[in-house]
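**Q** Attaching a single structure in structure tokens format; questions to follow.
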Amino acid sequence: MILLFTLLLFFMFSGSSSEIILTQSPGSQSVVPRQTVSITCRSSTSVSSWLHWYLQKPGQAPKLLIYSASTRQSGVSDRFSGSDSGSEYTLTINGVQAEDAAVYYCQNSSMLL
């Protein structure tokens with residue numbers, strides 16, 4: 001039997017909505033273990049220095065994965081990577097595992113959580 005689990009994907013935004021709009025997709029995704037998963041965050045303007053990715057598991061605080069669009073936080077598995085192309089930012093999880101089931105956020109902010 002194939003194990004399916006869902007990654008819930010949301011975005012966080014710091015600042016006025018008239019400044020920058022972030023659109024994250026897909027909204028949720030069911031995947032199988034060892035699959036490669038990509039989550040995209042599109043911005044109304046380039047924010048690469050201030051675009052960060054987090055994951056959050058139930059009952060836990062958000063955990064920083066990637067900061068400044070592509071720099072992996074210390075201690076984060078190299079299965080997680082970030083990239084950017086203009087105003088489109090991507091979080092990629094290679095070889096997804098059941099333990100990766102979580103809510104994933106992109107955030108635009110000059111401050112990290």
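Ordering of the structure tokens sets the chain letters (A, B, ...); residue numbers start at 1 within each chain; ligands are numbered from 1 in the order shown.
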Compile the contact shell of Leu55 of chain A as a ChimeraX atom specification: residues with an atom at most 10 Å away, counting only C-alpha atoms, same-chain residues fewer than 2 positions apart removed.
**A** /A:7-10,53,57,60-66,100-106
**Q** Selected residues, C-alpha atoms, written as a short mmCIF file (atom, residue, chain, number, x, y, z; two decimals), in the first residue's frame, please.
**A**
data_model
loop_
_atom_site.label_atom_id
_atom_site.label_comp_id
_atom_site.auth_asym_id
_atom_site.auth_seq_id
_atom_site.Cartn_x
_atom_site.Cartn_y
_atom_site.Cartn_z
CA LEU A 7 1.60 18.99 3.00
CA LEU A 8 -0.44 22.04 3.89
CA LEU A 9 0.88 25.17 2.31
CA PHE A 10 0.22 28.69 3.44
CA TRP A 53 10.45 29.61 4.16
CA LYS A 57 3.90 21.10 12.84
CA GLN A 60 4.97 23.59 17.60
CA ALA A 61 6.41 26.98 16.74
CA PRO A 62 7.32 27.69 13.10
CA LYS A 63 10.78 26.43 12.14
CA LEU A 64 12.94 28.43 9.73
CA LEU A 65 14.07 26.31 6.78
CA ILE A 66 15.38 28.78 4.19
CA ASP A 100 7.90 16.31 6.42
CA ALA A 101 4.10 16.51 6.73
CA ALA A 102 3.52 20.05 7.99
CA VAL A 103 2.25 23.50 7.11
CA TYR A 104 4.78 25.35 4.94
CA TYR A 105 4.93 29.15 4.82
CA CYS A 106 6.68 31.69 2.67
#
**Q** What does the distance from atom CA of Ile93 of chain A to atom CA of Glu19 of chain A come to in Å, to one decimal?
**A**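 Separating atom CA of Ile93 of chain A from atom CA of Glu19 of chain A is a distance of 29.4 Å.
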**Q** Which residue is closest to Leu22 of chain A? Choose from A:Trp50, A:Leu91, A:Asn108, A:Gln73 and count only C-alpha atoms.
**A**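 Among A:Trp50, A:Leu91, A:Asn108, A:Gln73, it is A:Asn108 that comes nearest to Leu22 of chain A.
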**Q** Can you tell me, as a PyMOL selection string, what residues are no more than 12 Å from segment 41-47 of chain A when counting only C-alpha atoms, ignoring any on the same chain fewer than 3 positions away?
**A** chain A and resi 9-13+17-27+38+50-53+67-70+82-92+104-110
**Q** Give me the residues within 8 Å of Val96 of chain A as an MDAnalysis selection string, counting only C-alpha atoms and dropping any in the same chain fewer than 6 places off.
**A** chainID A and resid 32:37 79
**Q** Just how far from atom CA of Ser49 of chain A is atom CA of Asn94 of chain A, in Å to one decimal?
**A**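 These atoms are spaced 23.4 Å apart.
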